[in-house]
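Novice: To start, I am sharing the structure in question, which I have written as structure tokens.
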Amino acid sequence: MHVVQKNRLALVVQSVRALTPEVREYVLVSADGQLLPAYEAGAHVALHVEVAGQTKVRHYSLVGGAGTAADGRQAYRIAVKRESDVGVAAHLHAQCQVGSALTVSHPRNHFTLDHRDHKSLLIAGGIGITPVMAMVRSLLQRQRDFEVLYLGRTACEMAYLQDLKHMAGERLQVHASAENAGQRMNLNAWLGARRLASSVYVCGPISLAHDTYRQATSLGWDSKQVRSEVFTAPTPHGAQSFELVLHKSGLTLDVAAHTSILEALQAAGQHPLFDCRQGLCGVCPLPVLEADGPLLHRDTYLSTEDKTVGAALCICVSRVQGSRLVLNA
């Protein structure tokens, strides 16, 4: 029996499509035929899935453009990139097929388009193309001016590339680093030639978001003109397990290599505050009292100075590169 908690949606997979060797698209429809909640470009859903006996939660942007499925039912579209042989993405690629039951949250949006923009610049890195696809559709429907920069390693690894070329036409610029002698895109030059745009929206790896903010700031852009959403793997390569001590409660837990601090706390019956699970919103940081190794900050909420001081840590994505971490919780 597929039991769904309040404020979650029971969906089934209507179709599966390979976009690249590592990315698959899943079209999801309501399991009971009820209308799915509406959403705006940039929205995502939290997918709850059982992996190796544990409930894992991962966030996937709604690609848009699939208002109805092939049989006429309203649908959501997500694209999942397999980063390794373990984790949620690997589980979905191996186990999720047409007819599979999935549970997702209602759509939420921390990456909204400002409808007042006279021109929007959209920057996508890798799988960060997913919310950008929805944004392009929104801008086209509203007949607003925009340009898109799509960055990847090779064209064959860039999901939705042909769709985006058809939609955006000459407003799209593609940079595949492996096909450009390994050279990175010159963001400073690209942004500098487009300083009359209202806002920049960037989605992709943390390094791309940081580089975009840095280059825009150097060109005199207000930081509020740059909005970002970051796609990261659940745990970094080479992550190790560690002992977590909660000073106030006296609780000691083991945090596995492929488990976040937040997930470990929830599995132990704790109820820490959280929201986005991506290190974006600033709801979940906890004070750090002791760490026997460097803190691995994987969020975009804390400032560079905050991360250098190391007094707090976003428990949804960050961890310690050591064997013991003590939090004031």
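To be explicit about the labels: the chains of the structure tokens are called A, B, and onward in the order shown, and within each one the residues are counted from 1, while ligands get numbers from 1 in the order they are shown.
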Can you write out as a Markdown table which residues of segment 12-103 of chain A fall within 10 Å of segment 149-170 of chain A, alongside each residue's closest atom pair and its distance in Å to one decimal, counting only C-alpha atoms and ordering rows by chain and ascending residue number?

Specialist:
```
| residue | atom | partner | partner_atom | distance |
| --- | --- | --- | --- | --- |
| A:Ala18 | CA | A:Ala159 | CA | 9.2 |
| A:Leu19 | CA | A:Ala159 | CA | 5.5 |
| A:Thr20 | CA | A:Glu157 | CA | 5.5 |
| A:Pro21 | CA | A:Glu157 | CA | 7.1 |
| A:Glu22 | CA | A:Glu157 | CA | 7.6 |
| A:Val23 | CA | A:Ala159 | CA | 7.0 |
| A:Arg24 | CA | A:Ala159 | CA | 8.8 |
| A:Glu25 | CA | A:Ala159 | CA | 9.3 |
| A:Val63 | CA | A:Tyr160 | CA | 10.0 |
| A:Ala79 | CA | A:Ala159 | CA | 8.6 |
| A:Lys81 | CA | A:Ala159 | CA | 9.5 |
```

Novice: Limited to C-alpha atoms, could you put the picked residues into a file as a PDB file, in the first residue's frame?

Specialist:
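Contents of result_17.pdb, as written:
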```
ATOM      1  CA  ALA A  18      16.818   9.042 -21.787  1.00  0.00           C
ATOM      2  CA  LEU A  19      18.026  12.589 -22.475  1.00  0.00           C
ATOM      3  CA  THR A  20      21.751  11.821 -22.277  1.00  0.00           C
ATOM      4  CA  PRO A  21      23.745   8.771 -21.136  1.00  0.00           C
ATOM      5  CA  GLU A  22      23.457  10.037 -17.541  1.00  0.00           C
ATOM      6  CA  VAL A  23      20.172  11.997 -17.504  1.00  0.00           C
ATOM      7  CA  ARG A  24      16.644  10.600 -17.638  1.00  0.00           C
ATOM      8  CA  GLU A  25      13.368  12.471 -17.821  1.00  0.00           C
ATOM      9  CA  VAL A  63      10.995  21.379 -16.264  1.00  0.00           C
ATOM     10  CA  ALA A  79      15.084  15.220 -15.068  1.00  0.00           C
ATOM     11  CA  LYS A  81      21.182  12.960 -13.442  1.00  0.00           C
TER      12      LYS A  81
END
```

Novice: Show me, as a list of chain:residue names, the residues that have an atom within 10 Å of Val136 of chain A when counting only C-alpha atoms, minus same-chain residues fewer than 5 positions from it.

Specialist: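 My reading of the contact set: A:Ala41, A:Gly64, A:Ser120, A:Leu122, A:Pro131, A:Gln141, A:Arg142, A:Arg144, A:Asp145, A:Phe146, A:Glu147, A:Val148, A:Leu164, A:Met167, A:Ala168.
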
Novice: Would you mind telling me which residue in A:Ser241, A:Thr112, A:Thr259, A:Ser15 lies nearest to Glu40 of chain A when using only C-alpha atoms?

Specialist: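 Of all the options, A:Thr112 lies closest to Glu40 of chain A.
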
Novice: Hey, what's within 7 Å of His48 of chain A if we count only C-alpha atoms and toss same-chain stuff fewer than 4 positions away? As number ranges by chain, please?

Specialist: A: 55-58, 103-104

Novice: For N, CA and C atoms, I'd like the residues from the last selection saved as a tab-separated table (two decimals), in the first residue's frame.

Specialist:
```tsv
chain	number	residue	atom	x	y	z
A	55	THR	N	14.53	6.56	4.21
A	55	THR	CA	13.83	7.54	3.39
A	55	THR	C	14.78	8.68	3.05
A	56	LYS	N	14.99	8.87	1.75
A	56	LYS	CA	15.84	9.94	1.27
A	56	LYS	C	14.98	11.00	0.60
A	57	VAL	N	15.41	12.25	0.70
A	57	VAL	CA	14.68	13.35	0.08
A	57	VAL	C	15.63	14.10	-0.84
A	58	ARG	N	15.24	14.24	-2.10
A	58	ARG	CA	16.03	15.01	-3.04
A	58	ARG	C	15.11	15.97	-3.79
A	103	THR	N	6.37	9.60	-4.29
A	103	THR	CA	5.77	10.60	-3.42
A	103	THR	C	6.58	11.88	-3.50
A	104	VAL	N	5.91	13.00	-3.78
A	104	VAL	CA	6.60	14.28	-3.85
A	104	VAL	C	5.85	15.32	-3.04
```

Novice: For Ala209 of chain A, which of A:Asn186, A:Gln143, A:Thr300, A:Ser260 is the closest residue, counting only C-alpha atoms?

Specialist: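 Distance minimum relative to Ala209 of chain A lands on A:Thr300.
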
Novice: Rounded to one decimal place, report the atom CA of Ala264 of chain A-atom CA of Ser323 of chain A distance in Å.

Specialist: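 Atom CA of Ser323 of chain A lies 15.2 Å from atom CA of Ala264 of chain A.
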
Novice: Excluding Arg194 of chain A and residues on its chain fewer than 4 positions from it, collect all residues at most 10 Å away from it, counting only C-alpha atoms, and give them as a ChimeraX atom specification.

Specialist: /A:119-121,147,189-190,198

Novice: Quick one: write out the picked residues with C-alpha atoms as a PDB file, in the first residue's frame?

Specialist:
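Written output follows (out_23.pdb):
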```pdb
ATOM      1  CA  LYS A 119      15.557  41.607 -20.022  1.00  0.00           C
ATOM      2  CA  SER A 120      16.573  38.407 -18.230  1.00  0.00           C
ATOM      3  CA  LEU A 121      19.900  36.601 -18.547  1.00  0.00           C
ATOM      4  CA  GLU A 147      19.276  35.428 -23.482  1.00  0.00           C
ATOM      5  CA  ALA A 189      33.093  39.241 -21.068  1.00  0.00           C
ATOM      6  CA  TRP A 190      29.642  37.712 -21.559  1.00  0.00           C
ATOM      7  CA  SER A 198      17.658  43.613 -15.396  1.00  0.00           C
TER       8      SER A 198
END
```

Novice: Considering only C-alpha atoms, can you say which of A:Ser303, A:Asn180, A:Ser105, A:Gln321 comes closest to Ala239 of chain A?

Specialist: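 Closest to Ala239 of chain A of all the choices is A:Gln321.
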
Novice: Of the candidates A:Ala124, A:Met133, A:Leu289, A:Leu327, which one gets nearest to Leu253 of chain A if we count only C-alpha atoms?

Specialist: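 Under the stated criterion, the closest residue is A:Leu327.
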
Novice: Just the strand (DSSP E) stuff from segment 23-153 of chain A, please, per backbone DSSP, written as a compact mmCIF listing (two decimals) with N, CA and C atoms, in the first residue's frame.

Specialist:
```txt
# COMPACT_ATOMS: atom_id res chain seq x y z
N VAL A 23 21.36 11.25 -17.92
CA VAL A 23 20.17 12.00 -17.50
C VAL A 23 18.91 11.36 -18.08
N ARG A 24 17.93 11.12 -17.20
CA ARG A 24 16.64 10.60 -17.64
C ARG A 24 15.52 11.54 -17.23
N GLU A 25 14.55 11.66 -18.10
CA GLU A 25 13.37 12.47 -17.82
C GLU A 25 12.23 11.56 -17.39
N TYR A 26 11.52 11.99 -16.32
CA TYR A 26 10.38 11.24 -15.81
C TYR A 26 9.15 12.14 -15.88
N VAL A 27 8.11 11.66 -16.55
CA VAL A 27 6.83 12.36 -16.58
C VAL A 27 5.94 11.72 -15.52
N LEU A 28 5.46 12.54 -14.58
CA LEU A 28 4.72 12.06 -13.42
C LEU A 28 3.29 12.55 -13.46
N VAL A 29 2.36 11.65 -13.18
CA VAL A 29 0.94 12.02 -13.15
C VAL A 29 0.34 11.62 -11.82
N SER A 30 -0.81 12.19 -11.50
CA SER A 30 -1.49 11.89 -10.24
C SER A 30 -1.93 10.43 -10.21
N HIS A 44 10.33 23.69 -7.73
CA HIS A 44 10.85 22.33 -7.60
C HIS A 44 9.92 21.52 -6.70
N VAL A 45 10.09 20.21 -6.73
CA VAL A 45 9.40 19.33 -5.80
C VAL A 45 10.44 18.53 -5.02
N ALA A 46 10.09 18.15 -3.81
CA ALA A 46 10.94 17.28 -3.01
C ALA A 46 10.46 15.85 -3.21
N LEU A 47 11.33 15.01 -3.69
CA LEU A 47 11.00 13.61 -3.94
C LEU A 47 11.42 12.78 -2.74
N HIS A 48 10.47 12.01 -2.17
CA HIS A 48 10.73 11.14 -1.03
C HIS A 48 10.80 9.70 -1.53
N VAL A 49 11.93 9.05 -1.32
CA VAL A 49 12.10 7.71 -1.86
C VAL A 49 12.86 6.84 -0.86
N GLU A 50 12.48 5.57 -0.80
CA GLU A 50 13.15 4.61 0.07
C GLU A 50 14.37 4.04 -0.64
N VAL A 51 15.54 4.20 -0.03
CA VAL A 51 16.78 3.66 -0.58
C VAL A 51 17.50 2.90 0.54
N GLN A 54 16.16 3.38 4.03
CA GLN A 54 16.08 4.74 4.58
C GLN A 54 15.31 5.65 3.63
N THR A 55 14.53 6.56 4.21
CA THR A 55 13.83 7.54 3.39
C THR A 55 14.78 8.68 3.05
N LYS A 56 14.99 8.87 1.75
CA LYS A 56 15.84 9.94 1.27
C LYS A 56 14.98 11.00 0.60
N VAL A 57 15.41 12.25 0.70
CA VAL A 57 14.68 13.35 0.08
C VAL A 57 15.63 14.10 -0.84
N ARG A 58 15.24 14.24 -2.10
CA ARG A 58 16.03 15.01 -3.04
C ARG A 58 15.11 15.97 -3.79
N HIS A 59 15.64 17.11 -4.18
CA HIS A 59 14.85 18.14 -4.83
C HIS A 59 15.12 18.16 -6.33
N TYR A 60 14.03 18.21 -7.10
CA TYR A 60 14.15 18.24 -8.55
C TYR A 60 13.28 19.35 -9.12
N SER A 61 13.88 20.17 -9.97
CA SER A 61 13.13 21.27 -10.59
C SER A 61 12.10 20.72 -11.56
N ALA A 75 0.44 16.64 -15.80
CA ALA A 75 1.70 15.98 -15.47
C ALA A 75 2.75 16.96 -15.00
N TYR A 76 3.72 16.43 -14.24
CA TYR A 76 4.94 17.12 -13.89
C TYR A 76 6.08 16.43 -14.64
N ARG A 77 7.13 17.20 -14.98
CA ARG A 77 8.32 16.62 -15.59
C ARG A 77 9.54 16.95 -14.75
N ILE A 78 10.35 15.95 -14.47
CA ILE A 78 11.63 16.17 -13.80
C ILE A 78 12.72 15.45 -14.59
N ALA A 79 13.95 15.89 -14.43
CA ALA A 79 15.08 15.22 -15.07
C ALA A 79 16.09 14.87 -13.98
N VAL A 80 16.55 13.63 -13.97
CA VAL A 80 17.42 13.13 -12.92
C VAL A 80 18.77 12.72 -13.51
N LYS A 81 19.84 13.31 -12.99
CA LYS A 81 21.18 12.96 -13.44
C LYS A 81 21.82 11.97 -12.48
N ALA A 101 5.37 4.00 -8.33
CA ALA A 101 4.74 4.99 -7.46
C ALA A 101 5.80 5.87 -6.82
N LEU A 102 5.59 7.18 -6.81
CA LEU A 102 6.50 8.13 -6.19
C LEU A 102 5.72 9.10 -5.32
N THR A 103 6.37 9.60 -4.29
CA THR A 103 5.77 10.60 -3.42
C THR A 103 6.58 11.88 -3.50
N VAL A 104 5.91 13.00 -3.78
CA VAL A 104 6.60 14.28 -3.85
C VAL A 104 5.85 15.32 -3.04
N SER A 105 6.55 16.38 -2.68
CA SER A 105 5.92 17.50 -2.00
C SER A 105 5.13 18.34 -3.01
N LYS A 119 14.81 42.66 -19.34
CA LYS A 119 15.56 41.61 -20.02
C LYS A 119 16.17 40.70 -18.96
N SER A 120 16.05 39.39 -19.17
CA SER A 120 16.57 38.41 -18.23
C SER A 120 17.72 37.64 -18.88
N LEU A 121 18.80 37.44 -18.11
CA LEU A 121 19.90 36.60 -18.55
C LEU A 121 19.84 35.30 -17.78
N LEU A 122 19.81 34.19 -18.50
CA LEU A 122 19.69 32.87 -17.88
C LEU A 122 20.99 32.10 -18.12
N ILE A 123 21.61 31.61 -17.05
CA ILE A 123 22.85 30.84 -17.15
C ILE A 123 22.61 29.47 -16.55
N ALA A 124 22.85 28.42 -17.35
CA ALA A 124 22.65 27.04 -16.88
C ALA A 124 23.94 26.27 -17.01
N GLY A 125 24.28 25.55 -15.96
CA GLY A 125 25.45 24.67 -16.00
C GLY A 125 25.01 23.24 -15.80
N ASP A 145 12.07 39.85 -23.21
CA ASP A 145 13.40 39.71 -23.79
C ASP A 145 14.29 38.88 -22.86
N PHE A 146 15.13 38.04 -23.44
CA PHE A 146 16.03 37.21 -22.64
C PHE A 146 17.16 36.68 -23.51
N GLU A 147 18.20 36.19 -22.84
CA GLU A 147 19.28 35.43 -23.48
C GLU A 147 19.64 34.27 -22.57
N VAL A 148 20.12 33.18 -23.17
CA VAL A 148 20.48 31.99 -22.41
C VAL A 148 21.93 31.61 -22.70
N LEU A 149 22.67 31.30 -21.65
CA LEU A 149 24.02 30.75 -21.77
C LEU A 149 23.97 29.36 -21.15
N TYR A 150 24.27 28.33 -21.96
CA TYR A 150 24.21 26.94 -21.50
C TYR A 150 25.63 26.38 -21.53
N LEU A 151 26.13 25.97 -20.36
CA LEU A 151 27.49 25.48 -20.20
C LEU A 151 27.50 23.99 -19.90
N GLY A 152 28.41 23.27 -20.51
CA GLY A 152 28.54 21.84 -20.26
C GLY A 152 29.89 21.36 -20.72
```

Novice: List every residue of segment 39-268 of chain A that DSSP, applied to the backbone, labels as alpha helix (DSSP H), and write the result as a VMD selection string.

Specialist: chain A and resid 88 to 95 129 to 141 161 to 168 187 to 192 206 to 218 261 to 267

Novice: Can you pull out every residue within 9 Å of Gln97 of chain A, counting only C-alpha atoms, but drop anything in the same chain fewer than 2 positions away, and send it as a ChimeraX atom specification?

Specialist: /A:13-16,26,92-95,99-100

Novice: Which residues come within 9 Å of segment 216-227 of chain A, counting only C-alpha atoms, excluding same-chain residues fewer than 2 positions away, as a PyMOL selection string?

Specialist: chain A and resi 111-112+187-188+191-192+195+198-203+209+211-214+229

Novice: Between atom CA of His175 of chain A and atom CA of His118 of chain A, what is the distance, to one decimal in Å?

Specialist: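 Atom-to-atom, atom CA of His175 of chain A to atom CA of His118 of chain A, that is 25.0 Å.
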
Novice: If we count only C-alpha atoms and set the cut-off at 7 Å, which residues sit around segment 290-296 of chain A, ignoring sequence neighbours fewer than 4 positions away in its own chain? Please answer as a list in words.

Specialist: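 Contacts, with the query itself left out: Ser318, Arg319, Val320, Gln321, Gly322, Ser323, Arg324, Leu325 and Val326 of chain A.
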
Novice: With only C-alpha atoms as the basis for distance, which of A:Cys281, A:Ala329, A:Met185, A:Leu273 is at the shortest distance from Ser249 of chain A?

Specialist: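 Ranking A:Cys281, A:Ala329, A:Met185, A:Leu273 by distance to Ser249 of chain A, first place goes to A:Ala329.
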
Novice: Pick out the closest residue to Leu139 of chain A from this set: A:Ala256, A:Leu113, A:Leu280, A:Val317. Count only C-alpha atoms.

Specialist: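 Looking only at the distances to Leu139 of chain A, the closest residue turns out to be A:Leu113.
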